[in-house]
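Participant: Contents of target.cif (mmCIF, C-alpha atoms):
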data_entry
#
loop_
_atom_site.label_atom_id
_atom_site.label_comp_id
_atom_site.auth_asym_id
_atom_site.auth_seq_id
_atom_site.Cartn_x
_atom_site.Cartn_y
_atom_site.Cartn_z
CA MET T 16 17.17 3.53 -19.86
CA HIS T 17 16.30 4.67 -16.39
CA GLY T 18 13.52 6.32 -14.41
CA LEU T 19 15.09 8.34 -11.59
CA GLY T 20 18.04 5.94 -11.45
CA ASN T 21 15.95 2.76 -11.51
CA ASP T 22 17.70 1.33 -14.56
CA PHE T 23 16.75 -1.12 -17.28
CA ALA T 24 18.23 -3.04 -20.18
CA VAL T 25 15.43 -2.72 -22.74
CA PHE T 26 15.14 -5.27 -25.56
CA ASP T 27 12.78 -4.84 -28.52
CA ALA T 28 11.40 -8.28 -29.40
CA ARG T 29 8.53 -7.18 -31.62
CA LYS T 30 10.25 -8.30 -34.83
CA GLN T 31 12.52 -11.07 -33.60
CA THR T 32 12.48 -13.94 -31.15
CA LEU T 33 14.20 -13.32 -27.84
CA THR T 34 14.75 -16.20 -25.44
CA LEU T 35 15.92 -15.34 -21.94
CA THR T 36 16.34 -17.87 -19.16
CA PRO T 37 16.66 -16.95 -15.47
CA ALA T 38 20.38 -17.69 -15.72
CA SER T 39 20.96 -15.57 -18.82
CA SER T 40 18.87 -12.77 -17.31
CA ARG T 41 21.02 -12.78 -14.19
CA ALA T 42 24.17 -12.68 -16.34
CA ILE T 43 22.93 -9.76 -18.44
CA SER T 44 21.91 -7.86 -15.28
CA ASP T 45 25.33 -8.32 -13.68
CA ARG T 46 26.95 -4.88 -13.36
CA ARG T 47 30.50 -6.21 -13.75
CA ARG T 48 30.15 -8.94 -16.37
CA GLY T 49 26.97 -7.98 -18.24
CA ILE T 50 25.10 -4.83 -19.22
CA GLY T 51 24.11 -4.17 -15.63
CA CYS T 52 20.57 -3.18 -14.59
CA ASP T 53 17.88 -3.49 -11.95
CA GLN T 54 15.50 -5.10 -14.44
CA ILE T 55 15.47 -6.41 -18.01
CA ILE T 56 12.51 -5.12 -20.02
CA VAL T 57 11.30 -6.92 -23.13
CA ILE T 58 8.99 -5.07 -25.53
CA GLY T 59 6.71 -7.49 -27.35
CA LYS T 60 3.87 -7.30 -29.83
CA GLY T 61 0.69 -5.77 -28.48
CA ARG T 62 -2.37 -7.84 -27.66
CA ASP T 63 -5.83 -7.22 -26.21
CA GLY T 64 -5.86 -3.82 -27.92
CA ALA T 65 -2.54 -2.64 -26.41
CA ASP T 66 0.13 -0.93 -28.52
CA ALA T 67 2.79 -3.25 -27.10
CA ALA T 68 3.41 -5.86 -24.42
CA MET T 69 5.99 -5.41 -21.68
CA ARG T 70 7.76 -8.16 -19.76
CA ILE T 71 9.75 -7.35 -16.62
CA ILE T 72 12.57 -9.61 -15.43
CA ASN T 73 14.34 -8.82 -12.19
CA ALA T 74 18.10 -8.91 -11.72
CA ASP T 75 17.72 -12.26 -9.90
CA GLY T 76 16.03 -13.79 -12.97
CA SER T 77 12.48 -13.78 -11.59
CA GLU T 78 9.69 -12.36 -13.71
CA VAL T 79 7.29 -9.85 -12.16
CA GLU T 80 3.98 -8.24 -12.97
CA ALA T 81 4.49 -4.48 -13.02
CA CYS T 82 7.10 -1.71 -13.05
CA GLY T 83 6.02 1.91 -13.21
CA ASN T 84 9.42 3.41 -14.02
CA ALA T 85 9.92 0.93 -16.86
CA ALA T 86 6.43 1.68 -18.19
CA ARG T 87 7.40 5.34 -18.57
CA CYS T 88 10.56 4.35 -20.43
CA VAL T 89 8.83 1.96 -22.83
CA ALA T 90 6.00 4.44 -23.39
CA GLY T 91 8.56 7.12 -24.25
CA ILE T 92 10.08 4.86 -26.89
CA LEU T 93 6.72 3.99 -28.42
CA MET T 94 5.35 7.54 -28.45
CA ALA T 95 8.46 8.81 -30.22
CA GLU T 96 8.26 5.94 -32.70
CA LYS T 97 4.54 6.33 -33.42
CA LYS T 98 4.58 10.14 -33.18
CA THR T 99 1.65 10.06 -30.79
CA GLN T 100 0.88 11.47 -27.35
CA GLU T 101 -0.65 8.30 -25.89
CA VAL T 102 0.09 4.57 -25.86
CA SER T 103 -1.09 1.52 -23.95
CA LEU T 104 0.99 -1.36 -22.57
CA ILE T 105 -0.17 -4.81 -21.55
CA THR T 106 1.75 -6.40 -18.68
CA ALA T 107 1.29 -9.46 -16.49
CA GLY T 108 -0.23 -7.06 -13.94
CA GLY T 109 -2.77 -5.58 -16.36
CA MET T 110 -3.15 -2.75 -18.86
CA LEU T 111 -1.27 0.53 -18.41
CA TYR T 112 -2.30 3.74 -20.17
CA CYS T 113 0.49 6.24 -20.76
CA ARG T 114 0.63 9.78 -22.11
CA ASP T 115 3.25 12.40 -22.82
CA ALA T 116 3.41 14.85 -19.90
CA GLY T 117 5.92 17.19 -21.60
CA GLY T 118 9.50 18.03 -20.75
CA GLY T 119 10.68 14.44 -21.05
CA SER T 120 8.12 13.19 -18.53
CA VAL T 121 5.48 10.51 -18.98
CA CYS T 122 2.25 10.02 -17.03
CA VAL T 123 1.13 6.42 -16.44
CA ASP T 124 -2.31 5.41 -15.22
CA MET T 125 -1.25 2.49 -13.03
CA GLY T 126 -4.83 1.33 -12.51
CA ALA T 127 -6.82 0.61 -9.38
CA ALA T 128 -4.98 -0.02 -6.14
CA VAL T 129 -5.93 -3.41 -4.70
CA THR T 130 -6.37 -3.70 -0.95
CA GLN T 131 -8.18 -7.05 -0.55
CA TRP T 132 -5.80 -9.33 1.35
CA ASP T 133 -6.31 -12.36 -0.89
CA ARG T 134 -5.73 -10.40 -4.11
CA ILE T 135 -2.49 -8.69 -3.06
CA PRO T 136 -1.94 -11.58 -2.08
CA LEU T 137 -1.32 -12.16 1.63
CA SER T 138 -1.30 -15.55 3.31
CA CYS T 139 -4.04 -14.74 5.83
CA PRO T 140 -6.82 -12.15 6.29
CA VAL T 141 -5.81 -8.84 7.89
CA ASP T 142 -6.84 -5.20 7.71
CA THR T 143 -4.45 -4.17 4.96
CA GLN T 144 -4.62 -0.51 5.97
CA ARG T 145 -2.85 -1.34 9.24
CA PHE T 146 -1.73 -4.72 10.55
CA SER T 147 1.01 -6.24 12.70
CA LEU T 148 3.79 -8.10 10.92
CA ARG T 149 5.74 -10.43 13.15
CA LEU T 150 9.45 -10.88 12.53
CA GLU T 151 11.77 -13.15 14.50
CA ASP T 152 12.71 -10.54 17.08
CA GLU T 153 10.11 -7.79 16.73
CA THR T 154 6.63 -6.87 15.53
CA ILE T 155 6.19 -3.96 13.14
CA GLU T 156 3.14 -2.11 11.85
CA ALA T 157 2.57 -2.40 8.11
CA ALA T 158 0.15 -1.69 5.30
CA ALA T 159 -0.27 -3.75 2.13
CA VAL T 160 -1.30 -2.70 -1.38
CA SER T 161 -1.07 -4.24 -4.84
CA MET T 162 -0.40 -2.06 -7.87
CA GLY T 163 -0.38 -5.12 -10.11
CA ASN T 164 2.45 -6.36 -7.89
CA PRO T 165 2.59 -6.72 -4.08
CA HIS T 166 3.85 -3.97 -1.75
CA CYS T 167 4.41 -3.80 1.99
CA VAL T 168 4.43 -0.17 3.13
CA LEU T 169 6.06 0.78 6.43
CA PHE T 170 5.42 4.25 7.81
CA VAL T 171 8.53 5.22 9.76
CA PRO T 172 9.60 8.36 11.66
CA ASP T 173 12.48 9.06 9.26
CA ALA T 174 12.92 7.18 6.00
CA GLU T 175 16.51 8.43 5.77
CA LYS T 176 17.41 6.41 8.87
CA ALA T 177 15.33 3.32 8.07
CA ASP T 178 17.12 -0.05 8.04
CA VAL T 179 16.27 -0.78 4.42
CA ALA T 180 19.15 -3.22 3.90
CA GLY T 181 18.37 -5.13 7.09
CA LEU T 182 14.57 -5.25 7.12
CA GLY T 183 13.98 -5.25 3.36
CA PRO T 184 15.11 -8.80 2.55
CA ARG T 185 13.49 -10.22 5.70
CA ILE T 186 10.11 -8.75 4.81
CA GLU T 187 10.42 -9.56 1.09
CA ARG T 188 10.44 -13.29 1.90
CA HIS T 189 8.16 -13.19 4.94
CA PRO T 190 5.55 -15.99 4.98
CA MET T 191 2.82 -13.33 4.93
CA PHE T 192 3.72 -12.68 1.28
CA PRO T 193 3.44 -15.91 -0.76
CA ARG T 194 4.75 -14.20 -3.92
CA ARG T 195 7.32 -12.18 -1.97
CA THR T 196 6.90 -8.41 -1.80
CA ASN T 197 8.42 -5.02 -2.47
CA VAL T 198 9.03 -3.05 0.74
CA GLU T 199 8.61 0.73 1.03
CA PHE T 200 9.92 2.75 3.99
CA VAL T 201 7.92 6.00 4.07
CA SER T 202 7.82 9.16 6.17
CA ARG T 203 5.69 12.28 5.75
CA THR T 204 7.99 15.29 5.46
CA ASP T 205 5.52 18.04 4.52
CA GLU T 206 1.93 18.53 3.44
CA ASP T 207 1.31 16.05 0.62
CA VAL T 208 5.03 15.18 0.47
CA LEU T 209 6.40 11.72 1.27
CA ARG T 210 10.01 10.57 1.53
CA MET T 211 10.40 6.97 0.44
CA ARG T 212 13.21 4.45 0.23
CA VAL T 213 12.65 1.04 -1.24
CA TRP T 214 13.72 -2.58 -1.23
CA GLU T 215 12.59 -4.12 -4.52
CA ARG T 216 11.60 -7.75 -4.73
CA GLY T 217 14.25 -9.70 -6.61
CA VAL T 218 16.61 -6.72 -6.88
CA GLY T 219 17.41 -5.09 -3.53
CA ILE T 220 17.79 -1.39 -2.79
CA THR T 221 17.05 0.73 -5.85
CA GLN T 222 17.10 4.45 -6.53
CA ALA T 223 13.38 4.52 -7.27
CA CYS T 224 10.30 2.32 -7.66
CA GLY T 225 7.33 3.67 -9.57
CA SER T 226 4.77 1.09 -8.48
CA GLY T 227 6.13 1.40 -4.95
CA ALA T 228 5.60 5.17 -5.00
CA CYS T 229 2.01 4.56 -6.11
CA ALA T 230 1.50 2.02 -3.31
CA ALA T 231 3.04 4.36 -0.73
CA ALA T 232 0.91 7.33 -1.83
CA PHE T 233 -2.25 5.24 -1.82
CA ALA T 234 -1.51 3.76 1.61
CA ALA T 235 -0.78 7.26 2.94
CA HIS T 236 -4.01 8.54 1.38
CA ARG T 237 -5.99 5.79 3.14
CA ARG T 238 -4.53 6.95 6.46
CA GLY T 239 -5.23 10.62 5.76
CA LEU T 240 -1.55 11.55 5.55
CA VAL T 241 -1.85 13.01 2.04
CA GLY T 242 -4.66 14.28 -0.15
CA ASP T 243 -5.51 13.15 -3.66
CA ARG T 244 -2.21 14.50 -4.97
CA ALA T 245 1.24 13.89 -3.53
CA ILE T 246 4.93 14.14 -4.27
CA VAL T 247 7.05 11.12 -3.43
CA VAL T 248 10.74 11.87 -2.98
CA LEU T 249 12.95 8.88 -3.75
CA ASP T 250 16.72 8.46 -3.67
CA GLY T 251 16.80 9.17 -7.42
CA GLY T 252 14.37 12.11 -7.53
CA GLU T 253 10.67 12.98 -7.36
CA LEU T 254 7.50 11.44 -8.73
CA LYS T 255 4.11 13.15 -8.85
CA LEU T 256 1.16 10.98 -7.82
CA ALA T 257 -2.57 11.50 -8.26
CA ILE T 258 -5.35 9.39 -6.73
CA ARG T 259 -8.87 9.41 -8.12
CA ASP T 260 -11.68 6.92 -7.55
CA GLY T 261 -9.20 4.36 -6.24
CA ARG T 262 -6.93 4.64 -9.29
CA VAL T 263 -3.37 5.93 -9.10
CA SER T 264 -1.46 7.78 -11.81
CA MET T 265 2.23 8.61 -11.71
CA THR T 266 4.24 11.25 -13.58
CA GLY T 267 8.00 11.35 -13.89
CA PRO T 268 10.95 11.31 -16.28
CA ALA T 269 12.04 8.58 -18.68
CA THR T 270 15.68 8.79 -19.71
CA LEU T 271 17.66 7.04 -22.44
CA SER T 272 21.23 6.35 -21.29
CA PHE T 273 22.60 4.65 -24.40
CA ARG T 274 21.83 2.28 -27.26
CA GLY T 275 23.99 -0.70 -28.12
CA GLU T 276 24.25 -4.30 -29.21
CA ILE T 277 24.95 -7.45 -27.26
CA ASP T 278 25.91 -10.95 -28.39
CA LEU T 279 23.36 -12.97 -26.47
CA ASP T 280 25.13 -16.23 -27.37
CA GLY T 281 27.68 -15.29 -24.74
CA PHE T 282 24.92 -15.29 -22.12
CA ALA T 283 23.20 -18.54 -23.11
CA ALA T 284 22.41 -20.94 -20.31
#
With the file now loaded, output its structure as structure tokens.

Facilitator:
Amino acid sequence: MHGLGNDFAVFDARKQTLTLTPASSRAISDRRRGIGCDQIIVIGKGRDGADAAMRIINADGSEVEACGNAARCVAGILMAEKKTQEVSLITAGGMLYCRDAGGGSVCVDMGAAVTQWDRIPLSCPVDTQRFSLRLEDETIEAAAVSMGNPHCVLFVPDAEKADVAGLGPRIERHPMFPRRTNVEFVSRTDEDVLRMRVWERGVGITQACGSGACAAAFAAHRRGLVGDRAIVVLDGGELKLAIRDGRVSMTGPATLSFRGEIDLDGFAA
């Protein structure tokens, strides 16, 4: 499945045991020798009142807390299965509430944006709305937000020309971010419209990042660049964002590419 080109290998482990190691996850994610994906998503039995649980494993084998595009995909599966308009998902980053938005789109309430430095987390106290991030050869202005996972948002003159491949990996592993970070390069292109490109933690450049779009919209809202509704234009398409009482919701498509089977014994490690 994919959400605006951010693609996933989705496994349903509600009725069977699924054991994935970092090595087997990397092998499955390999685009030449495996299925090929940005992230592996594992649907598990619900808990804490949720309809299902969702695990997110990056292409590098690391497990992360949240993924907005994947949430839309999993919610689409569950709503079709249960013949309902709403479902809830429990993730390592918290509970996500999802509803059918019509036309193949899903709306996800991604929860409250977190701006306290120690909860994002950052390694030292700063004003997360605007702070200086020192690299080896330069200092850049940044904002930080958590949407269940950490984000470093850079407001740049032109996201199209941003050095995503060069700066992304350097910032992802910067000492300021003890759990590493996603990095969003954002420019305002029109009233309530943002252009964003992204370097995803544990993956690299992706076509879209749902939690990153939420972080970018919220950071822009804090600076007065957008109102309580915004469109974020990513490499893979557009997401609609809404901000209310500190919470961020995201609406966009969830697309099934194909169904298939895989012999996981060939990926054991």

Participant: Please expand the PyMOL selection byres ((chain T and resi 218-233) around 7) into the concrete residues it hits in this file, giving the result as a PyMOL selection string.

Facilitator: chain T and resi 19-21+53+73-75+82-84+160-162+166+168+199+213-217+234-237+245+247+249-251+256+263+265

Participant: Those same residues - C-alpha atoms - I'd like them written as a PDB file, in the coordinates of the input.

Facilitator:
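Written output follows (result.pdb):
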ATOM      1  CA  LEU T  19      15.090   8.340 -11.590  1.00  0.00           C
ATOM      2  CA  GLY T  20      18.040   5.940 -11.450  1.00  0.00           C
ATOM      3  CA  ASN T  21      15.950   2.760 -11.510  1.00  0.00           C
ATOM      4  CA  ASP T  53      17.880  -3.490 -11.950  1.00  0.00           C
ATOM      5  CA  ASN T  73      14.340  -8.820 -12.190  1.00  0.00           C
ATOM      6  CA  ALA T  74      18.100  -8.910 -11.720  1.00  0.00           C
ATOM      7  CA  ASP T  75      17.720 -12.260  -9.900  1.00  0.00           C
ATOM      8  CA  CYS T  82       7.100  -1.710 -13.050  1.00  0.00           C
ATOM      9  CA  GLY T  83       6.020   1.910 -13.210  1.00  0.00           C
ATOM     10  CA  ASN T  84       9.420   3.410 -14.020  1.00  0.00           C
ATOM     11  CA  VAL T 160      -1.300  -2.700  -1.380  1.00  0.00           C
ATOM     12  CA  SER T 161      -1.070  -4.240  -4.840  1.00  0.00           C
ATOM     13  CA  MET T 162      -0.400  -2.060  -7.870  1.00  0.00           C
ATOM     14  CA  HIS T 166       3.850  -3.970  -1.750  1.00  0.00           C
ATOM     15  CA  VAL T 168       4.430  -0.170   3.130  1.00  0.00           C
ATOM     16  CA  GLU T 199       8.610   0.730   1.030  1.00  0.00           C
ATOM     17  CA  VAL T 213      12.650   1.040  -1.240  1.00  0.00           C
ATOM     18  CA  TRP T 214      13.720  -2.580  -1.230  1.00  0.00           C
ATOM     19  CA  GLU T 215      12.590  -4.120  -4.520  1.00  0.00           C
ATOM     20  CA  ARG T 216      11.600  -7.750  -4.730  1.00  0.00           C
ATOM     21  CA  GLY T 217      14.250  -9.700  -6.610  1.00  0.00           C
ATOM     22  CA  ALA T 234      -1.510   3.760   1.610  1.00  0.00           C
ATOM     23  CA  ALA T 235      -0.780   7.260   2.940  1.00  0.00           C
ATOM     24  CA  HIS T 236      -4.010   8.540   1.380  1.00  0.00           C
ATOM     25  CA  ARG T 237      -5.990   5.790   3.140  1.00  0.00           C
ATOM     26  CA  ALA T 245       1.240  13.890  -3.530  1.00  0.00           C
ATOM     27  CA  VAL T 247       7.050  11.120  -3.430  1.00  0.00           C
ATOM     28  CA  LEU T 249      12.950   8.880  -3.750  1.00  0.00           C
ATOM     29  CA  ASP T 250      16.720   8.460  -3.670  1.00  0.00           C
ATOM     30  CA  GLY T 251      16.800   9.170  -7.420  1.00  0.00           C
ATOM     31  CA  LEU T 256       1.160  10.980  -7.820  1.00  0.00           C
ATOM     32  CA  VAL T 263      -3.370   5.930  -9.100  1.00  0.00           C
ATOM     33  CA  MET T 265       2.230   8.610 -11.710  1.00  0.00           C
TER      34      MET T 265
END

Participant: Determine, counting all atoms listed in the file, which protein, DNA and RNA residues have an atom within 6 Å of an atom of Ala257 of chain T; residues of the same chain fewer than 2 positions away are not included. Present the result as a list of chain:residue names.

Facilitator: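 In the requested format, the answer is T:Asp243, T:Arg244, T:Val263, T:Ser264.
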
Participant: For the structure provided, state which residues fall under the PyMOL selection byres ((chain T and resi 41) around 10), and present them as a PyMOL selection string.

Facilitator: chain T and resi 35-40+42-46+49+51-52+54-55+72-77+282

Participant: Using the chain letters and numbers from the file, give me the residues hit by the PyMOL selection byres ((chain T and resi 68) around 12), as JSON, numbers by chain.

Facilitator: {"T": [26, 27, 28, 29, 56, 57, 58, 59, 60, 61, 62, 63, 64, 65, 66, 67, 69, 70, 71, 80, 81, 86, 89, 90, 93, 102, 103, 104, 105, 106, 107, 108, 109, 110, 111, 112]}

Participant: Output C-alpha atoms for every residue in the selection just made, as a compact mmCIF listing (two decimals), in the coordinates of the input.

Facilitator:
# COMPACT_ATOMS: atom_id res chain seq x y z
CA PHE T 26 15.14 -5.27 -25.56
CA ASP T 27 12.78 -4.84 -28.52
CA ALA T 28 11.40 -8.28 -29.40
CA ARG T 29 8.53 -7.18 -31.62
CA ILE T 56 12.51 -5.12 -20.02
CA VAL T 57 11.30 -6.92 -23.13
CA ILE T 58 8.99 -5.07 -25.53
CA GLY T 59 6.71 -7.49 -27.35
CA LYS T 60 3.87 -7.30 -29.83
CA GLY T 61 0.69 -5.77 -28.48
CA ARG T 62 -2.37 -7.84 -27.66
CA ASP T 63 -5.83 -7.22 -26.21
CA GLY T 64 -5.86 -3.82 -27.92
CA ALA T 65 -2.54 -2.64 -26.41
CA ASP T 66 0.13 -0.93 -28.52
CA ALA T 67 2.79 -3.25 -27.10
CA MET T 69 5.99 -5.41 -21.68
CA ARG T 70 7.76 -8.16 -19.76
CA ILE T 71 9.75 -7.35 -16.62
CA GLU T 80 3.98 -8.24 -12.97
CA ALA T 81 4.49 -4.48 -13.02
CA ALA T 86 6.43 1.68 -18.19
CA VAL T 89 8.83 1.96 -22.83
CA ALA T 90 6.00 4.44 -23.39
CA LEU T 93 6.72 3.99 -28.42
CA VAL T 102 0.09 4.57 -25.86
CA SER T 103 -1.09 1.52 -23.95
CA LEU T 104 0.99 -1.36 -22.57
CA ILE T 105 -0.17 -4.81 -21.55
CA THR T 106 1.75 -6.40 -18.68
CA ALA T 107 1.29 -9.46 -16.49
CA GLY T 108 -0.23 -7.06 -13.94
CA GLY T 109 -2.77 -5.58 -16.36
CA MET T 110 -3.15 -2.75 -18.86
CA LEU T 111 -1.27 0.53 -18.41
CA TYR T 112 -2.30 3.74 -20.17

Participant: Of the candidates T:Met16, T:Leu209, T:Ala177, T:Leu33, which shows the shortest atom-to-atom distance to Arg87 of chain T, using all atoms listed in the file?

Facilitator: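 Looking at the shortest contact to Arg87 of chain T, the residue is T:Met16.
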
Participant: Choose the residue, out of T:Gly242, T:Gly252, T:Gly267, T:Pro190, that has the smallest atom-to-atom separation from Arg210 of chain T; count only C-alpha atoms.

Facilitator: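 Selected residue with least distance to Arg210 of chain T: T:Gly252.
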
Participant: Which one of T:Gly181, T:Val241, T:Val171, T:Gln31 sits closest to Met211 of chain T if you count all atoms listed in the file?

Facilitator: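 Of the candidates, the smallest distance to Met211 of chain T is held by T:Val171.
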
Participant: Quick one, how far is atom CA of Val198 of chain T from atom CA of Cys167 of chain T?

Facilitator: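 Separation between atom CA of Val198 of chain T and atom CA of Cys167 of chain T: 4.8 Å.
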
Participant: Could you jot down the atom CA of Ala159 of chain T to atom CA of Val201 of chain T separation for me, Å, one decimal place?

Facilitator: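 Computing it gives 12.9 Å between the two atoms.
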
Participant: Enter the distance from atom CA of Gly183 of chain T to atom CA of Val121 of chain T, in Å, rounded to one decimal.

Facilitator: 28.6 Å

Participant: May I have the residues within 10 Å of His189 of chain T as number ranges by chain, using only C-alpha atoms and disregarding those fewer than 4 positions away in the same chain?

Facilitator: T: 138, 148-150, 183-185, 193-196

Participant: Please provide the set of residues having any atom within 8 Å of Glu156 of chain T, restricted to all atoms listed in the file, with same-chain residues fewer than 5 positions apart removed, written as a PyMOL selection string.

Facilitator: chain T and resi 145-148+169-170

Participant: Emit the selected residues as a PDB file, in the frame of the given file, including C-alpha atoms.

Facilitator:
ATOM      1  CA  ARG T 145      -2.850  -1.340   9.240  1.00  0.00           C
ATOM      2  CA  PHE T 146      -1.730  -4.720  10.550  1.00  0.00           C
ATOM      3  CA  SER T 147       1.010  -6.240  12.700  1.00  0.00           C
ATOM      4  CA  LEU T 148       3.790  -8.100  10.920  1.00  0.00           C
ATOM      5  CA  LEU T 169       6.060   0.780   6.430  1.00  0.00           C
ATOM      6  CA  PHE T 170       5.420   4.250   7.810  1.00  0.00           C
TER       7      PHE T 170
END

Participant: Neighbours of Asp142 of chain T within 9 Å (all atoms listed in the file; same-chain residues fewer than 5 positions away dropped), as an MDAnalysis selection string?

Facilitator: chainID T and resid 130:132 158:159
